[in-house]
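*Asks:* So I've got this file, protein01.pdb, and it contains PDB, C-alpha atoms:
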```pdb
ATOM      1  CA  MET A 290     116.520  86.627  55.413
ATOM      2  CA  THR A 291     113.721  84.996  57.344
ATOM      3  CA  ASP A 292     112.459  86.148  60.716
ATOM      4  CA  SER A 293     113.632  84.022  63.609
ATOM      5  CA  PRO A 294     110.834  81.985  65.199
ATOM      6  CA  ARG A 295     109.192  83.449  68.291
ATOM      7  CA  ARG A 296     110.410  81.909  71.525
ATOM      8  CA  ARG A 297     107.896  79.581  73.127
ATOM      9  CA  LEU A 298     106.711  80.855  76.490
ATOM     10  CA  THR A 299     107.384  78.772  79.540
ATOM     11  CA  ALA A 300     104.380  77.593  81.549
ATOM     12  CA  GLU A 301     105.050  80.263  84.178
ATOM     13  CA  GLU A 302     105.386  82.999  81.564
ATOM     14  CA  ARG A 303     102.167  81.893  79.866
ATOM     15  CA  ARG A 304     100.358  81.861  83.187
ATOM     16  CA  ASP A 305     101.544  85.399  83.926
ATOM     17  CA  GLN A 306     100.483  86.501  80.437
ATOM     18  CA  LEU A 307      96.958  85.206  81.025
ATOM     19  CA  LEU A 308      96.805  86.870  84.450
ATOM     20  CA  ASP A 309      98.109  90.136  83.020
ATOM     21  CA  MET A 310      95.407  90.102  80.352
ATOM     22  CA  ALA A 311      92.700  89.337  82.931
ATOM     23  CA  ALA A 312      93.922  92.315  84.991
ATOM     24  CA  GLU A 313      93.889  94.584  81.939
ATOM     25  CA  LEU A 314      90.374  93.530  81.014
ATOM     26  CA  LEU A 315      89.047  93.950  84.542
ATOM     27  CA  VAL A 316      89.964  97.626  84.642
ATOM     28  CA  SER A 317      89.125  98.432  81.000
ATOM     29  CA  GLU A 318      85.915  96.446  80.491
ATOM     30  CA  ASP A 319      82.821  95.599  82.474
ATOM     31  CA  PRO A 320      84.266  93.171  85.086
ATOM     32  CA  GLU A 321      81.343  90.802  84.605
ATOM     33  CA  SER A 322      82.196  90.478  80.906
ATOM     34  CA  VAL A 323      85.662  89.068  81.633
ATOM     35  CA  THR A 324      85.529  85.396  80.739
ATOM     36  CA  MET A 325      87.967  82.604  79.986
ATOM     37  CA  GLU A 326      86.988  82.922  76.322
ATOM     38  CA  LEU A 327      87.700  86.662  76.236
ATOM     39  CA  VAL A 328      91.088  86.201  77.890
ATOM     40  CA  ALA A 329      91.950  83.529  75.304
ATOM     41  CA  GLU A 330      90.818  85.765  72.454
ATOM     42  CA  ARG A 331      92.825  88.788  73.591
ATOM     43  CA  CYS A 332      95.942  86.674  74.233
ATOM     44  CA  ARG A 333      95.463  85.010  70.827
ATOM     45  CA  VAL A 334      95.573  81.525  72.292
ATOM     46  CA  SER A 335      93.087  78.680  72.329
ATOM     47  CA  ARG A 336      90.486  78.303  75.053
ATOM     48  CA  PRO A 337      91.830  74.845  75.994
ATOM     49  CA  LEU A 338      95.197  76.461  76.742
ATOM     50  CA  VAL A 339      93.586  78.876  79.202
ATOM     51  CA  TYR A 340      91.729  75.986  80.839
ATOM     52  CA  LYS A 341      95.022  74.122  81.082
ATOM     53  CA  HIS A 342      96.237  76.786  83.507
ATOM     54  CA  PHE A 343      92.972  77.657  85.287
ATOM     55  CA  ALA A 344      89.999  75.388  85.867
ATOM     56  CA  ASN A 345      87.449  78.208  85.572
ATOM     57  CA  ARG A 346      86.893  81.945  85.817
ATOM     58  CA  ASP A 347      86.781  81.907  89.624
ATOM     59  CA  GLU A 348      90.169  80.231  89.804
ATOM     60  CA  LEU A 349      91.610  82.676  87.265
ATOM     61  CA  LEU A 350      90.435  85.714  89.223
ATOM     62  CA  GLY A 351      91.387  84.168  92.549
ATOM     63  CA  GLU A 352      94.920  83.543  91.336
ATOM     64  CA  LEU A 353      95.101  87.086  89.973
ATOM     65  CA  TYR A 354      94.034  88.489  93.341
ATOM     66  CA  ARG A 355      96.608  86.329  95.135
ATOM     67  CA  ARG A 356      99.402  87.391  92.794
ATOM     68  CA  GLU A 357      98.621  91.089  93.052
ATOM     69  CA  ALA A 358      98.226  90.933  96.847
ATOM     70  CA  ARG A 359     101.544  89.112  97.208
ATOM     71  CA  ARG A 360     103.301  91.617  94.972
ATOM     72  CA  LEU A 361     101.892  94.574  96.877
ATOM     73  CA  ASP A 362     102.757  93.018 100.230
ATOM     74  CA  ALA A 363     106.344  92.315  99.142
ATOM     75  CA  GLU A 364     106.721  95.865  97.824
ATOM     76  CA  LEU A 365     105.447  97.478 101.032
ATOM     77  CA  ALA A 366     107.365  95.052 103.260
ATOM     78  CA  ASN A 367     110.647  95.937 101.545
ATOM     79  CA  GLU A 368     109.978  99.657 101.899
ATOM     80  CA  VAL A 369     108.978  99.355 105.554
ATOM     81  CA  ALA A 370     111.995  97.172 106.348
ATOM     82  CA  ALA A 371     114.279  99.952 105.089
ATOM     83  CA  ALA A 372     112.802 102.465 107.566
ATOM     84  CA  THR A 373     115.177 103.673 110.254
ATOM     85  CA  SER A 374     112.624 104.179 113.048
ATOM     86  CA  ILE A 375     109.215 102.941 114.149
ATOM     87  CA  GLU A 376     107.688 106.300 113.195
ATOM     88  CA  GLU A 377     109.185 105.998 109.720
ATOM     89  CA  MET A 378     107.798 102.459 109.441
ATOM     90  CA  PHE A 379     104.258 103.731 110.039
ATOM     91  CA  SER A 380     104.800 106.688 107.702
ATOM     92  CA  THR A 381     106.178 104.462 104.942
ATOM     93  CA  LEU A 382     103.290 102.045 105.319
ATOM     94  CA  VAL A 383     100.526 104.639 105.084
ATOM     95  CA  ARG A 384     102.135 106.401 102.127
ATOM     96  CA  GLY A 385     102.674 103.097 100.362
ATOM     97  CA  ALA A 386      99.059 102.137 100.973
ATOM     98  CA  LEU A 387      97.851 105.463  99.553
ATOM     99  CA  ARG A 388     100.061 105.045  96.502
ATOM    100  CA  ALA A 389      98.788 101.510  95.951
ATOM    101  CA  ALA A 390      95.182 102.675  96.283
ATOM    102  CA  ASP A 391      95.812 105.285  93.613
ATOM    103  CA  GLU A 392      97.677 102.971  91.231
ATOM    104  CA  ARG A 393      95.918  99.629  91.801
ATOM    105  CA  GLY A 394      92.712 100.438  93.626
ATOM    106  CA  HIS A 395      90.523  99.965  90.548
ATOM    107  CA  LEU A 396      91.935  96.486  89.976
ATOM    108  CA  PHE A 397      91.401  95.298  93.547
ATOM    109  CA  THR A 398      87.895  96.756  93.584
ATOM    110  CA  ALA A 399      87.045  94.943  90.343
ATOM    111  CA  LEU A 400      88.508  91.713  91.709
ATOM    112  CA  ARG A 401      86.423  91.922  94.862
ATOM    113  CA  GLN A 402      83.280  92.673  92.873
ATOM    114  CA  SER A 403      84.006  89.744  90.551
ATOM    115  CA  GLY A 404      84.526  87.221  93.314
ATOM    116  CA  GLY A 405      88.316  87.160  93.229
ATOM    117  CA  SER A 406      88.556  87.607  96.984
ATOM    118  CA  SER A 407      87.968  84.026  98.087
ATOM    119  CA  ARG A 408      88.184  82.532 101.544
ATOM    120  CA  THR A 409      91.716  81.325 100.786
ATOM    121  CA  VAL A 410      92.763  84.768  99.605
ATOM    122  CA  ARG A 411      91.387  86.380 102.760
ATOM    123  CA  GLN A 412      93.172  83.824 104.948
ATOM    124  CA  GLU A 413      96.476  84.563 103.246
ATOM    125  CA  GLN A 414      95.907  88.271 103.800
ATOM    126  CA  ARG A 415      95.265  87.698 107.500
ATOM    127  CA  LEU A 416      98.568  85.838 107.751
ATOM    128  CA  ARG A 417     100.372  88.734 106.060
ATOM    129  CA  ASP A 418      98.662  91.225 108.357
ATOM    130  CA  ALA A 419      99.724  89.183 111.394
ATOM    131  CA  ARG A 420     103.341  89.193 110.197
ATOM    132  CA  THR A 421     103.204  92.965 109.712
ATOM    133  CA  PHE A 422     101.729  93.413 113.181
ATOM    134  CA  ARG A 423     104.488  91.345 114.814
ATOM    135  CA  ALA A 424     107.202  93.300 113.023
ATOM    136  CA  PHE A 425     105.772  96.652 114.141
ATOM    137  CA  VAL A 426     105.277  95.503 117.730
ATOM    138  CA  ALA A 427     108.814  94.151 117.993
ATOM    139  CA  ARG A 428     110.274  97.415 116.674
ATOM    140  CA  ALA A 429     108.071  99.589 118.909
ATOM    141  CA  VAL A 430     108.917  97.643 122.071
ATOM    142  CA  GLU A 431     112.627  97.562 121.273
ATOM    143  CA  GLU A 432     112.980 101.156 120.153
ATOM    144  CA  ARG A 433     110.562 102.987 122.427
ATOM    145  CA  GLY A 434     110.480 100.673 125.424
ATOM    146  CA  LEU A 435     106.716 100.264 125.254
ATOM    147  CA  ASP A 436     104.905  98.091 127.747
ATOM    148  CA  ARG A 437     104.605  94.564 126.315
ATOM    149  CA  ARG A 438     100.893  94.501 127.093
ATOM    150  CA  LEU A 439      99.858  98.025 126.112
ATOM    151  CA  GLY A 440     102.289  98.342 123.205
ATOM    152  CA  PRO A 441     100.682  95.655 121.002
ATOM    153  CA  ALA A 442      97.222  97.140 121.582
ATOM    154  CA  ALA A 443      98.447 100.588 120.541
ATOM    155  CA  VAL A 444     100.215  99.234 117.449
ATOM    156  CA  SER A 445      97.075  97.342 116.445
ATOM    157  CA  LEU A 446      94.991 100.511 116.681
ATOM    158  CA  LEU A 447      97.520 102.571 114.717
ATOM    159  CA  LEU A 448      97.703  99.952 111.955
ATOM    160  CA  SER A 449      93.904  99.744 111.758
ATOM    161  CA  MET A 450      93.800 103.502 111.169
ATOM    162  CA  VAL A 451      95.412 102.991 107.758
ATOM    163  CA  ASP A 452      92.053 101.712 106.483
ATOM    164  CA  SER A 453      90.400 104.894 107.802
ATOM    165  CA  VAL A 454      92.993 107.019 106.013
ATOM    166  CA  LEU A 455      92.266 105.186 102.748
ATOM    167  CA  ALA A 456      88.507 105.562 103.224
ATOM    168  CA  GLN A 457      88.866 109.327 103.692
ATOM    169  CA  TRP A 458      91.183 109.614 100.686
ATOM    170  CA  ARG A 459      88.639 107.863  98.447
ATOM    171  CA  GLN A 460      86.216 110.718  99.119
ATOM    172  CA  ASP A 461      88.725 113.105  97.530
ATOM    173  CA  PRO A 462      91.375 111.007  95.735
ATOM    174  CA  THR A 463      93.897 113.733  95.003
ATOM    175  CA  PRO A 464      97.643 113.961  95.751
ATOM    176  CA  ALA A 465      97.066 116.938  98.033
ATOM    177  CA  ARG A 466      94.477 115.037 100.061
ATOM    178  CA  ALA A 467      96.760 112.021 100.292
ATOM    179  CA  GLU A 468      99.615 114.128 101.647
ATOM    180  CA  LEU A 469      97.351 115.877 104.153
ATOM    181  CA  LEU A 470      96.000 112.580 105.468
ATOM    182  CA  ALA A 471      99.464 111.017 105.623
ATOM    183  CA  ASP A 472     100.793 114.001 107.590
ATOM    184  CA  ALA A 473      97.846 113.786 110.000
ATOM    185  CA  TYR A 474      98.477 110.074 110.458
ATOM    186  CA  ASP A 475     102.168 110.739 111.135
ATOM    187  CA  ALA A 476     101.236 113.254 113.830
ATOM    188  CA  ILE A 477      98.865 110.799 115.521
ATOM    189  CA  VAL A 478     101.492 108.043 115.429
ATOM    190  CA  SER A 479     104.195 110.302 116.871
ATOM    191  CA  ALA A 480     101.972 111.610 119.651
ATOM    192  CA  THR A 481     100.756 108.125 120.563
ATOM    193  CA  LEU A 482     104.216 106.548 120.662
ATOM    194  CA  THR A 483     105.673 109.462 122.613
ATOM    195  CA  SER A 484     102.887 109.297 125.189
ATOM    196  CA  LEU A 485     103.234 105.543 125.614
ATOM    197  CA  ALA A 486     107.024 105.781 125.852
ATOM    198  CA  ASP A 487     106.743 108.419 128.590
ATOM    199  CA  ASP A 488     104.415 106.112 130.526
ATOM    200  CA  ALA A 489     106.535 103.008 130.001
ATOM    201  CA  PRO A 490     107.771 101.158 133.117
ATOM    202  CA  GLY A 491     111.076 102.603 134.264
ATOM    203  CA  ARG A 492     110.332 106.054 132.881
ATOM    204  CA  ARG A 493     107.472 107.021 135.157
ATOM    205  CA  GLY A 494     108.559 109.552 137.713
ATOM    206  CA  SER A 495     111.976 109.984 136.132
TER     207      SER A 495
END
```
Just dump the structure as structure tokens.
*Replies:*
Amino acid sequence: MTDSPRRRLTAEERRDQLLDMAAELLVSEDPESVTMELVAERCRVSRPLVYKHFANRDELLGELYRREARRLDAELANEVAAATSIEEMFSTLVRGALRAADERGHLFTALRQSGGSSRTVRQEQRLRDARTFRAFVARAVEERGLDRRLGPAAVSLLLSMVDSVLAQWRQDPTPARAELLADAYDAIVSATLTSLADDAPGRRGS
């Protein structure tokens, strides 16, 4: 009995295979040593096949960064959308960001150091951030009755604090530290939203 022939990968599957290998190499090798030739060698394909999918190393790493950023954004967006309150949305976001930093931080750091974060990639991230901001503002105004001028400013500040939480966690990247920082962030969010809701038009003097 002969072995059945291996199924030929589709173009999309092959592209993902090459990106997966580039990601693996970035976190296991010196990022600067990751080349089109090395990706071809580890995937056991010809160099021309790799160049068929990506024009050069910069395009390969740029596409990897875009794919990973899109995947992370979709994952966090789905989790945040399932939250039942604005406070839970913020809490879900910060905990998801801490989890991602722990699980994928090395990859994103290597991608940035290797030039994967291009102008196009950064523009796409700004668009995703703007969408996130609008979703949080809409929920905060609807649920807590925040002032439509002050509310967006407060939401922007609270969202920007996620980067500060991540920066502090990187100084001591442990589960205990992550939980402590997430709890502190939750407390700040709750206090801020409560204060703004109390000062919202229609509630003053009630």
*Asks:* Given the file above and the PyMOL selection byres ((chain A and resi 438-443) around 12), which residues are selected, and can you give them as a ChimeraX atom specification?
*Replies:* /A:419,421-437,444-450,477-486,488-490
*Asks:* The PyMOL selection byres ((chain A and resi 458) around 12) on the file shown: which residues, as an NGL selection string?
*Replies:* :A and (383-384 or 386-388 or 390-391 or 394 or 451-457 or 459-471)
*Asks:* Grab the atom CA of Ala366 of chain A to atom CA of Leu416 of chain A distance for me, in Å with one decimal place.
*Replies:*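 Between atom CA of Ala366 of chain A and atom CA of Leu416 of chain A the gap works out to 13.5 Å.
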*Asks:* Just to confirm, what's the straight-line distance from atom CA of Leu400 of chain A to atom CA of Met310 of chain A in Å (one decimal)?
*Replies:*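 Separating atom CA of Leu400 of chain A from atom CA of Met310 of chain A is a distance of 13.4 Å.
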*Asks:* State, in Å with one decimal place, the distance from atom CA of Gln414 of chain A to atom CA of Leu327 of chain A.
*Replies:* 28.8 Å
*Asks:* I need the residue nearest Leu298 of chain A from this list: A:Leu361, A:Val334, A:Val410, A:Val316. Use only C-alpha atoms for the distance.
*Replies:*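 Under the stated criterion, the closest residue is A:Val334.
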*Asks:* So that I can check the surroundings of Leu396 of chain A, please list as JSON, numbers by chain every protein, DNA and RNA residue that reaches within 9 Å of it, counting all atoms listed in the file and ignoring chain neighbours fewer than 5 positions away.
*Replies:* {"A": [312, 313, 315, 316, 354, 401]}
*Asks:* Hey, can I get the axis-aligned box for segment 426-443 of chain A? All listed atoms, 6 Å padding on each side, centre and edge lengths in Å to one decimal, as lines of an AutoDock Vina configuration file.
*Replies:*
```
center_x = 105.1
center_y = 98.6
center_z = 122.2
size_x = 27.8
size_y = 20.8
size_z = 23.1
```
*Asks:* Nearest residue to Arg346 of chain A out of A:Ser380, A:Asn367, A:Ser403, A:Ser374, using all atoms listed in the file?
*Replies:*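 Looking at the shortest contact to Arg346 of chain A, the residue is A:Ser403.
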*Asks:* Check which residues satisfy the PyMOL selection byres ((chain A and resi 353) around 10) in the file shown, then give them as a ChimeraX atom specification.
*Replies:* /A:305,307-309,311-312,347-352,354-359,396-397,400,405-406
*Asks:* Identify the residues within 10 Å of coordinate (106.9, 103.4, 107.1) (same frame as the file), considering only C-alpha atoms, and give the answer as number ranges by chain.
*Replies:* A: 365-366, 368-385, 425, 475
*Asks:* Which is closest to Val328 of chain A among A:Thr299, A:Gln402, A:Asn345, A:Ser407, if we use only C-alpha atoms?
*Replies:*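 For Val328 of chain A, the nearest of the candidates is A:Asn345.
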*Asks:* Could you rebuild segment 416-431 of chain A with N, CA and C atoms and give me the result as a short mmCIF file (atom, residue, chain, number, x, y, z; two decimals), in the frame of the given file?
*Replies:*
```cif
data_model
loop_
_atom_site.label_atom_id
_atom_site.label_comp_id
_atom_site.auth_asym_id
_atom_site.auth_seq_id
_atom_site.Cartn_x
_atom_site.Cartn_y
_atom_site.Cartn_z
N LEU A 416 97.22 86.28 107.36
CA LEU A 416 98.57 85.84 107.75
C LEU A 416 99.59 86.94 107.48
N ARG A 417 99.45 87.63 106.35
CA ARG A 417 100.37 88.73 106.06
C ARG A 417 100.18 89.87 107.05
N ASP A 418 98.94 90.16 107.39
CA ASP A 418 98.66 91.22 108.36
C ASP A 418 99.26 90.88 109.72
N ALA A 419 99.17 89.62 110.10
CA ALA A 419 99.72 89.18 111.39
C ALA A 419 101.24 89.34 111.41
N ARG A 420 101.88 89.03 110.29
CA ARG A 420 103.34 89.19 110.20
C ARG A 420 103.72 90.67 110.31
N THR A 421 102.95 91.52 109.63
CA THR A 421 103.20 92.96 109.71
C THR A 421 103.05 93.46 111.14
N PHE A 422 101.99 93.01 111.80
CA PHE A 422 101.73 93.41 113.18
C PHE A 422 102.90 93.03 114.09
N ARG A 423 103.39 91.81 113.96
CA ARG A 423 104.49 91.34 114.81
C ARG A 423 105.75 92.18 114.59
N ALA A 424 106.01 92.51 113.33
CA ALA A 424 107.20 93.30 113.02
C ALA A 424 107.11 94.70 113.64
N PHE A 425 105.95 95.31 113.57
CA PHE A 425 105.77 96.65 114.14
C PHE A 425 105.85 96.61 115.67
N VAL A 426 105.24 95.62 116.27
CA VAL A 426 105.28 95.50 117.73
C VAL A 426 106.71 95.31 118.21
N ALA A 427 107.44 94.42 117.58
CA ALA A 427 108.81 94.15 117.99
C ALA A 427 109.66 95.42 117.92
N ARG A 428 109.50 96.18 116.84
CA ARG A 428 110.27 97.42 116.67
C ARG A 428 109.85 98.46 117.70
N ALA A 429 108.56 98.59 117.96
CA ALA A 429 108.07 99.59 118.91
C ALA A 429 108.55 99.29 120.32
N VAL A 430 108.49 98.03 120.72
CA VAL A 430 108.92 97.64 122.07
C VAL A 430 110.42 97.85 122.22
N GLU A 431 111.16 97.45 121.20
CA GLU A 431 112.63 97.56 121.27
C GLU A 431 113.09 99.02 121.26
#
```
